[in-house]
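The structure appears below as structure tokens.
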Amino acid sequence: MATGNPEHKNAPVTSPTERLWNLPEKRRARLLDPAEEEFVVHGYEQASLNRILTAAGMSKGQAYYYITGKSDLYLAVCTRSFSPLLRFAEERSRALGDGSAFWPDVERVCGELAQQLAADEALSKLALGVYGSALATASLAPLSRQLDALLDRLISRGQRAGVIRSDLPDGLIRDMLKGLARSVDRWFALNAMSLSERQSETASMATFEMIRNMVKPPIRKDAEDA
């Protein structure tokens, strides 16, 4: 499934999703702009596809040429909104330092992402809505796979840098860290508005310290004996 502007625009179009992303940006926005507003205001489950189509001035027949339903439309809205953040994280992850610089660099990138999110009220509300419904979360599986791939690359980078342990089965380390990352993201998304700036900063620093301590390589026996 395409989750962004297709790289090969001359390739045969075989699905509604591909037709949507092959539209010029202004025509695509005709549907995605009112859909984003609807999802931000009402959340995924209470959002009305009929209200969205009325605001877009489209019939269901026209809309279903580009989407398969509300879930598909929600994915398109979130893809448009969150893909710039994913690209930013991807670009910054390539410049992470090694050794002792790795974790401070990761923390800095996460802070920059949080600032970008906080600076855009609509984007923040859209992100919060992701955790408001199991159906919303399930709709974003393609984006989740992109995030998982990014986290896999970060974990591999940390292992090569010697700051993430690699003595356990690789799948265990990755599943544990990715699960923790999602839990932390969910907690901050749901609770950040109730925290003062100082509380948020303290919680963020303590969370990174907890993660670092959890996955740091074990001290070798010969190092203990030295």
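Numbering starts fresh at 1 for the residues of each chain in the structure tokens, the chains themselves are lettered A, B, ... in the order given, and ligands are numbered from 1 as they appear.
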Long-range neighbours of Trp187 (chain A) as number ranges by chain, 12 Å cut-off, only C-alpha atoms, 4 positions minimum in chain: A: 127-128, 131-132, 180-183, 191-195, 200, 203-204, 207
Report task. Considering only C-alpha atoms, state which residue in the set A:His42, A:Arg19, A:Arg108, A:Arg28 is at the smallest distance from Tyr65 (chain A). Result ->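 Closest residue, counting only C-alpha atoms: A:Arg19.
Comparing the minimum interatomic distances between Glu197 (chain A) and each of A:Gln115, A:Gln146, A:Ser133, A:Thr14, counting only C-alpha atoms, we find that A:Gln115 sits nearest.
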Notebook entry, point to check: So how far away is CA of Leu96 (chain A) from CA of Leu154 (chain A), in Å?
Noted result: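 We find that CA of Leu154 (chain A) and CA of Leu96 (chain A) lie 9.0 Å from each other.
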With distances taken over only C-alpha atoms, the candidate from A:Ala29, A:Met214, A:Leu85, A:Leu20 nearest Ile67 (chain A) is A:Leu20
At a cut-off of 12 Å, using only C-alpha atoms, what residues contact Tyr74 (chain A)? Leave out same-chain residues fewer than 2 positions from it and give the result as a compact mmCIF listing (two decimals) with C-alpha atoms, in the first residue's frame.
# COMPACT_ATOMS: atom_id res chain seq x y z
CA THR A 3 1.66 5.68 2.18
CA THR A 17 -4.81 4.91 -2.59
CA LEU A 31 -10.63 15.88 0.51
CA LEU A 32 -7.86 15.68 3.12
CA ASP A 33 -8.27 19.18 4.60
CA PRO A 34 -11.90 18.74 5.74
CA ALA A 35 -11.13 15.16 6.75
CA GLU A 36 -8.29 16.30 8.99
CA GLU A 37 -10.50 18.92 10.62
CA GLU A 38 -13.21 16.32 11.23
CA PHE A 39 -10.79 13.83 12.80
CA VAL A 40 -9.17 16.53 14.96
CA GLY A 43 -11.78 11.79 16.89
CA TYR A 44 -11.74 8.72 14.68
CA GLU A 45 -14.81 6.87 15.89
CA ALA A 47 -15.91 11.38 12.79
CA SER A 48 -18.55 11.35 10.06
CA LEU A 49 -17.60 10.46 6.51
CA ILE A 52 -16.37 15.20 5.45
CA ILE A 67 -10.49 5.94 -0.77
CA THR A 68 -12.03 2.67 0.37
CA GLY A 69 -13.67 4.07 3.52
CA LYS A 70 -13.13 6.07 6.69
CA SER A 71 -10.16 3.97 7.80
CA ASP A 72 -8.40 4.51 4.50
CA ALA A 76 -4.21 9.27 4.26
CA VAL A 77 -4.74 12.22 6.59
CA CYS A 78 -2.20 10.95 9.12
CA THR A 79 0.27 10.03 6.39
CA ARG A 80 0.18 13.59 5.08
CA SER A 81 0.51 15.05 8.59
CA PHE A 82 3.08 12.72 10.16
CA LEU A 126 -4.42 14.51 15.59
CA ALA A 127 -1.57 12.69 17.34
CA GLY A 129 -6.49 11.01 18.67
CA VAL A 130 -4.37 8.10 17.51
CA LEU A 135 -9.70 1.27 15.46
CA ALA A 136 -7.69 4.43 14.84
CA THR A 137 -4.48 2.71 15.87
CA ALA A 138 -5.23 -0.29 13.65
CA SER A 139 -5.90 2.00 10.68
CA LEU A 140 -2.35 3.33 10.89
CA ALA A 141 -0.58 -0.02 10.52
CA PRO A 142 1.38 1.12 7.42
CA LEU A 143 2.72 4.15 9.30
Near Leu150 (chain A), within 9 Å and counting only C-alpha atoms, which residues show up once chain neighbours fewer than 3 positions away are dropped, as an mmCIF file with C-alpha atoms, in the first residue's frame?
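Writing the result to around_24.cif gives the following:
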data_model
loop_
_atom_site.group_PDB
_atom_site.id
_atom_site.type_symbol
_atom_site.label_atom_id
_atom_site.label_comp_id
_atom_site.auth_asym_id
_atom_site.auth_seq_id
_atom_site.Cartn_x
_atom_site.Cartn_y
_atom_site.Cartn_z
ATOM 1 C CA LEU A 86 9.151 10.658 10.113
ATOM 2 C CA ALA A 89 13.620 11.703 12.320
ATOM 3 C CA GLU A 90 15.083 9.569 9.530
ATOM 4 C CA SER A 93 19.086 9.521 12.784
ATOM 5 C CA ARG A 145 5.608 -0.282 10.046
ATOM 6 C CA GLN A 146 7.580 2.745 8.898
ATOM 7 C CA LEU A 147 8.185 3.727 12.513
ATOM 8 C CA ARG A 153 17.785 1.058 12.366
ATOM 9 C CA LEU A 154 18.289 3.080 15.558
ATOM 10 C CA ILE A 155 18.670 -0.081 17.622
#
From A:Ser124, A:Asp148, A:Leu113, A:Phe208, residue lying nearest Pro84 (chain A) [only C-alpha atoms]:
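Under the stated criterion, the closest residue is A:Leu113.
The spacing separating CA of Asn213 (chain A) from CA of Pro169 (chain A) amounts to 18.1 Å.
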### Message
Need to verify the contact set: Glu107 (chain A), 9 Å, only C-alpha atoms, exclusion of same-chain residues closer than 4 positions in sequence. Can you return it as a list in words?
### Response
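Skipping anything fewer than 4 positions along the chain leaves Phe102, Trp103, Gly111, Glu112, Ser204, Met205 and Phe208 of chain A.
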File of the preceding selection, N, CA and C atoms, as a compact mmCIF listing (two decimals), in the first residue's frame:
# COMPACT_ATOMS: atom_id res chain seq x y z
N PHE A 102 25.75 8.84 21.46
CA PHE A 102 24.55 8.27 20.86
C PHE A 102 23.28 8.68 21.59
N TRP A 103 23.20 8.41 22.89
CA TRP A 103 21.96 8.68 23.62
C TRP A 103 21.65 10.16 23.72
N GLY A 111 13.50 15.53 21.40
CA GLY A 111 13.09 16.84 21.87
C GLY A 111 12.68 17.75 20.73
N GLU A 112 13.42 17.69 19.63
CA GLU A 112 13.09 18.50 18.46
C GLU A 112 11.76 18.07 17.85
N SER A 204 10.83 13.47 30.96
CA SER A 204 11.54 13.07 29.74
C SER A 204 12.96 12.60 30.05
N MET A 205 13.68 13.36 30.86
CA MET A 205 15.05 12.99 31.20
C MET A 205 15.09 11.67 31.96
N PHE A 208 14.46 8.69 29.57
CA PHE A 208 15.65 8.32 28.79
C PHE A 208 16.68 7.60 29.66
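For the residues A:Asp98, A:Glu121, A:Glu91, A:Glu18, ranking by smallest atom-to-atom distance to Ala161 (chain A) using only C-alpha atoms places A:Asp98 first.
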### Query
Could you pull out all residues of region 45-211 of chain A with a DSSP call of helix (DSSP H, G or I) and give them as a VMD selection string?
chain A and resid 45 to 46 49 to 56 60 to 63 70 to 93 99 to 118 121 to 130 134 to 139 141 to 160 170 to 194 197 to 211
